[in-house]
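Structure below is work17.tsv: TSV, C-alpha atoms.
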```tsv
chain	number	residue	atom	x	y	z
A	1	MET	CA	-88.00	-14.49	4.21
A	2	ARG	CA	-87.82	-15.75	7.78
A	3	VAL	CA	-86.14	-19.03	8.58
A	4	ASN	CA	-87.90	-21.37	10.96
A	5	PRO	CA	-85.16	-22.73	13.28
A	6	ALA	CA	-87.13	-25.90	14.09
A	7	ALA	CA	-87.61	-26.63	10.39
A	8	HIS	CA	-83.93	-25.91	9.74
A	9	ARG	CA	-82.89	-28.40	12.45
A	10	ALA	CA	-85.29	-31.02	11.08
A	11	VAL	CA	-83.88	-30.66	7.56
A	12	TYR	CA	-80.34	-30.77	8.93
A	13	ARG	CA	-81.11	-33.98	10.86
A	14	LYS	CA	-82.63	-35.60	7.79
A	15	VAL	CA	-79.73	-34.65	5.51
A	16	ASN	CA	-76.96	-35.33	8.01
A	17	GLY	CA	-78.59	-38.24	9.82
A	18	GLY	CA	-78.25	-36.79	13.30
A	19	ALA	CA	-78.57	-33.81	15.55
A	20	GLY	CA	-78.83	-30.31	14.17
A	21	PRO	CA	-75.93	-27.86	14.22
A	22	VAL	CA	-76.94	-26.31	17.53
A	23	GLU	CA	-77.42	-29.67	19.24
A	24	ALA	CA	-74.18	-31.01	17.77
A	25	PHE	CA	-72.29	-27.97	19.05
A	26	GLU	CA	-73.96	-28.20	22.45
A	27	GLU	CA	-72.82	-31.81	22.75
A	28	THR	CA	-69.29	-30.82	21.76
A	29	PHE	CA	-69.33	-27.86	24.16
A	30	THR	CA	-70.51	-30.04	27.06
A	31	ARG	CA	-67.79	-32.60	26.35
A	32	MET	CA	-64.93	-30.22	25.47
A	33	PHE	CA	-65.34	-27.32	27.91
A	34	PRO	CA	-63.97	-29.25	30.92
A	35	ARG	CA	-60.92	-30.40	28.91
A	36	ALA	CA	-60.28	-26.91	27.52
A	37	PHE	CA	-60.69	-25.44	31.01
A	38	ARG	CA	-58.22	-27.91	32.58
A	39	LEU	CA	-55.68	-27.25	29.83
A	40	ALA	CA	-55.97	-23.48	30.19
A	41	ARG	CA	-55.79	-23.70	34.00
A	42	ARG	CA	-52.59	-25.74	33.77
A	43	ILE	CA	-51.03	-23.14	31.50
A	44	LEU	CA	-52.34	-20.06	33.29
A	45	GLY	CA	-52.59	-21.20	36.90
A	46	ASP	CA	-55.75	-19.12	37.34
A	47	SER	CA	-59.23	-20.64	37.23
A	48	ALA	CA	-61.04	-17.44	36.26
A	49	ALA	CA	-58.65	-16.73	33.38
A	50	ALA	CA	-58.81	-20.39	32.33
A	51	GLU	CA	-62.59	-20.26	32.20
A	52	ASP	CA	-62.41	-17.17	29.97
A	53	VAL	CA	-59.88	-18.81	27.65
A	54	ALA	CA	-61.86	-22.06	27.41
A	55	ALA	CA	-65.06	-20.14	26.67
A	56	GLU	CA	-63.29	-18.06	24.00
A	57	ALA	CA	-61.87	-21.19	22.34
A	58	LEU	CA	-65.31	-22.76	22.17
A	59	ALA	CA	-66.86	-19.49	20.98
A	60	ARG	CA	-64.37	-19.53	18.11
A	61	ALA	CA	-65.34	-23.12	17.37
A	62	TYR	CA	-68.99	-22.09	17.28
A	63	ALA	CA	-68.24	-19.12	15.01
A	64	GLN	CA	-66.63	-21.54	12.54
A	65	TRP	CA	-68.88	-24.51	13.32
A	66	PRO	CA	-69.78	-25.42	9.72
A	67	LYS	CA	-66.05	-25.94	9.07
A	68	VAL	CA	-64.99	-27.27	12.48
A	69	GLU	CA	-67.86	-29.74	12.85
A	70	SER	CA	-66.59	-31.93	10.02
A	71	LEU	CA	-62.93	-31.95	11.06
A	72	PRO	CA	-61.68	-35.40	12.08
A	73	TYR	CA	-59.51	-33.68	14.71
A	74	ARG	CA	-62.19	-31.34	16.08
A	75	ASP	CA	-61.19	-31.94	19.72
A	76	GLY	CA	-57.55	-31.28	18.87
A	77	TRP	CA	-58.55	-28.09	17.06
A	78	VAL	CA	-60.37	-26.80	20.15
A	79	LEU	CA	-57.46	-27.70	22.43
A	80	ARG	CA	-54.94	-26.11	20.07
A	81	VAL	CA	-56.97	-22.88	20.03
A	82	THR	CA	-57.19	-23.08	23.83
A	83	THR	CA	-53.41	-23.48	24.09
A	84	ASN	CA	-52.75	-20.57	21.74
A	85	LEU	CA	-55.20	-18.30	23.58
A	86	ALA	CA	-53.70	-19.19	26.97
A	87	ILE	CA	-50.16	-18.53	25.74
A	88	ASP	CA	-51.30	-15.23	24.20
A	89	ARG	CA	-52.83	-14.27	27.54
A	90	LEU	CA	-49.55	-15.08	29.29
A	91	ARG	CA	-47.69	-12.85	26.85
A	92	ARG	CA	-50.03	-9.95	27.57
A	93	HIS	CA	-49.82	-10.41	31.34
A	94	ARG	CA	-46.17	-11.28	31.90
A	95	PRO	CA	-45.03	-11.31	35.50
A	96	ASP	CA	-42.97	-8.24	36.38
A	97	GLN	CA	-40.46	-10.26	38.36
A	98	PRO	CA	-37.86	-12.54	36.80
A	99	VAL	CA	-37.99	-16.21	37.74
A	100	PRO	CA	-35.77	-16.80	40.80
A	101	ALA	CA	-32.53	-18.72	40.22
A	102	GLU	CA	-33.07	-21.05	43.15
A	103	LEU	CA	-36.46	-22.67	43.15
A	104	LEU	CA	-38.06	-24.50	45.99
A	105	ALA	CA	-39.77	-27.65	44.70
A	106	GLU	CA	-42.68	-27.25	47.12
A	107	ASP	CA	-43.39	-23.67	46.05
A	108	ALA	CA	-46.04	-24.25	43.37
A	109	LEU	CA	-46.35	-20.61	42.37
A	110	VAL	CA	-42.64	-20.22	41.67
A	111	LEU	CA	-42.61	-23.53	39.84
A	112	ARG	CA	-45.54	-22.40	37.68
A	113	LEU	CA	-43.83	-19.11	36.86
A	114	ALA	CA	-40.61	-20.90	35.93
A	115	LEU	CA	-42.41	-23.41	33.72
A	116	THR	CA	-44.46	-20.65	32.10
A	117	ALA	CA	-41.37	-18.59	31.30
A	118	ALA	CA	-39.57	-21.67	29.97
A	119	LEU	CA	-42.55	-22.66	27.80
A	120	ARG	CA	-42.73	-19.13	26.38
A	121	SER	CA	-39.07	-19.37	25.39
A	122	LEU	CA	-39.67	-22.43	23.16
A	123	PRO	CA	-40.21	-22.11	19.41
A	124	ARG	CA	-43.91	-22.14	18.50
A	125	ARG	CA	-44.16	-25.75	17.26
A	126	GLN	CA	-42.20	-27.15	20.21
A	127	ARG	CA	-44.36	-25.15	22.63
A	128	GLN	CA	-47.56	-26.38	20.95
A	129	ALA	CA	-46.40	-30.01	20.89
A	130	VAL	CA	-45.32	-29.99	24.57
A	131	ALA	CA	-48.44	-28.12	25.73
A	132	LEU	CA	-50.88	-30.37	23.87
A	133	ARG	CA	-49.02	-33.58	24.74
A	134	TYR	CA	-48.42	-32.99	28.45
A	135	LEU	CA	-50.75	-30.21	29.54
A	136	GLY	CA	-53.58	-31.25	27.22
A	137	GLU	CA	-52.99	-34.94	27.96
A	138	MET	CA	-53.27	-35.83	24.27
A	139	SER	CA	-51.61	-38.82	22.64
A	140	GLU	CA	-48.91	-38.27	20.04
A	141	SER	CA	-51.34	-39.15	17.26
A	142	GLU	CA	-53.92	-36.67	18.59
A	143	VAL	CA	-51.27	-33.94	18.73
A	144	ALA	CA	-50.19	-34.83	15.19
A	145	GLN	CA	-53.77	-34.45	13.96
A	146	ALA	CA	-54.25	-31.17	15.84
A	147	LEU	CA	-51.04	-29.67	14.45
A	148	ASP	CA	-51.49	-31.28	11.02
A	149	VAL	CA	-48.05	-32.92	11.13
A	150	SER	CA	-46.77	-36.49	11.28
A	151	VAL	CA	-46.36	-38.43	14.54
A	152	GLY	CA	-42.60	-38.42	13.93
A	153	THR	CA	-42.63	-34.62	13.76
A	154	VAL	CA	-44.56	-34.50	17.05
A	155	LYS	CA	-41.98	-36.80	18.65
A	156	THR	CA	-39.15	-34.60	17.36
A	157	HIS	CA	-40.74	-31.33	18.56
A	158	THR	CA	-41.68	-32.86	21.90
A	159	HIS	CA	-38.20	-34.28	22.45
A	160	ARG	CA	-36.49	-31.01	21.53
A	161	GLY	CA	-38.96	-28.97	23.57
A	162	LEU	CA	-38.47	-31.11	26.69
A	163	ALA	CA	-34.68	-30.98	26.26
A	164	ALA	CA	-34.82	-27.18	25.99
A	165	LEU	CA	-37.03	-26.99	29.10
A	166	ARG	CA	-34.58	-29.15	31.05
A	167	THR	CA	-31.68	-26.94	29.94
A	168	ARG	CA	-33.49	-23.71	30.76
A	169	LEU	CA	-34.77	-24.87	34.15
A	170	GLY	CA	-31.55	-26.57	35.20
A	171	PRO	CA	-30.79	-29.90	36.85
A	172	GLU	CA	-32.63	-29.08	40.10
A	173	MET	CA	-35.91	-28.95	38.14
A	174	ALA	CA	-35.30	-32.03	35.96
A	175	GLU	CA	-37.76	-34.14	37.96
A	176	VAL	CA	-40.72	-31.93	37.00
A	177	ILE	CA	-40.05	-32.22	33.24
A	178	PRO	CA	-41.66	-35.39	31.87
A	179	VAL	CA	-39.60	-37.99	30.11
A	180	ALA	CA	-40.87	-38.39	26.56
A	181	VAL	CA	-42.43	-41.82	26.16
A	182	ASP	CA	-44.33	-43.40	23.30
A	183	GLY	CA	-48.03	-43.26	23.74
```
What would you get if you wrote out this structure as structure tokens?
Amino acid sequence: MRVNPAAHRAVYRKVNGGAGPVEAFEETFTRMFPRAFRLARRILGDSAAAEDVAAEALARAYAQWPKVESLPYRDGWVLRVTTNLAIDRLRRHRPDQPVPAELLAEDALVLRLALTAALRSLPRRQRQAVALRYLGEMSESEVAQALDVSVGTVKTHTHRGLAALRTRLGPEMAEVIPVAVDG
């Protein structure tokens, strides 16, 4: 038996009161790809790699669309997958050189390498909370939904993660580490 895609979309619209699964995903893709790309680029520092990571995160969302579509934190789910994929990519392609002890604030590449190494050193939950909150530009409540934890837990992980980053990077880099604020 062959399935007629147009008929399938029409039934889906009637049952679900809106666009079909393909149209709903296309709308989500159009809205989320730029955010996923920016997040991945901030983590990776490479536009081509960031595009690959963002596309992979959205491909995973599409592969699980029947489940992901109904999640109240769908955007957070996509950004969390993006963060995890970007960090995995960093692990596979670690720089061969250690981060220099004395950093020049104007040297963006060295700063990026130092921040990347420091982020990798954080425990998983702290790394996720800091990455989603500051690199993904998500609110504390959005991060809490994405990680399936309470807002208080997000605040704790974010605070501890930022403190660890400040310690690892030293006082000369303190100005590049955000101060945790409510939001």
Problem - Closest of A:Ser139, A:Thr158, A:Thr82, A:Thr167 to Leu39 (chain A) - atom-to-atom distances counting all atoms listed in the file - result: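 Using all atoms listed in the file, Leu39 (chain A) sits closest to A:Thr82.
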Exercise for the section: To one decimal in Å, tell me the separation between CA of Ser70 (chain A) and CA of Arg41 (chain A). Expected result: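 Result for CA of Ser70 (chain A) versus CA of Arg41 (chain A): 27.6 Å, one decimal.
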Problem - Test item: residues at most 9 Å from Ala36 (chain A), all atoms listed in the file, excluding those fewer than 6 positions along its chain, as a list in words - result: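 These residues fall inside the cut-off: Ala50, Glu51, Val53, Ala54, Ala55, Ala57, Leu58, Val78, Leu79, Thr82, Thr83 and Gly136 of chain A.
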Problem - Separation of CA of Pro34 (chain A) from CA of Pro66 (chain A), in Å and rounded to one decimal - result: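 Interatomic distance, CA of Pro34 (chain A) to CA of Pro66 (chain A): 22.3 Å.
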Exercise for the section: In Å, rounded to a single decimal, give me how far CA of Ile87 (chain A) is from CA of Leu165 (chain A). Expected result: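 These two atoms are separated by 16.0 Å.
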Exercise for the section: Compare A:Val143, A:Leu90, A:Ala131, A:Ala48 by their minimum atom-to-atom distance to Ala117 (chain A), counting all atoms listed in the file, and give me the closest one. Expected result: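 Of A:Val143, A:Leu90, A:Ala131, A:Ala48, the one nearest Ala117 (chain A) is A:Leu90, counting all atoms listed in the file.
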Practice task
Give the answer as one residue: which of A:Arg166, A:Arg60, A:Asp148, A:Thr28 has the shortest atom-to-atom distance to Leu115 (chain A), using only C-alpha atoms?
Solution key: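 Of A:Arg166, A:Arg60, A:Asp148, A:Thr28, the one nearest Leu115 (chain A), counting only C-alpha atoms, is A:Arg166.
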Practice task
Rank nothing, just name the residue among A:Arg74, A:His159, A:Arg91, A:Arg168 nearest to Ala114 (chain A), using all atoms listed in the file.
Solution key: A:Arg168
Problem - For Gln126 (chain A), the nearest of the candidates A:Val81, A:Ala146, A:Ala164, A:Met138, counting all atoms listed in the file - result: A:Ala164
Exercise for the section: Would you mind telling me which residue in A:Ala163, A:Leu71, A:Ile43, A:Ala63 lies nearest to Tyr134 (chain A) when using only C-alpha atoms? Expected result: A:Ile43
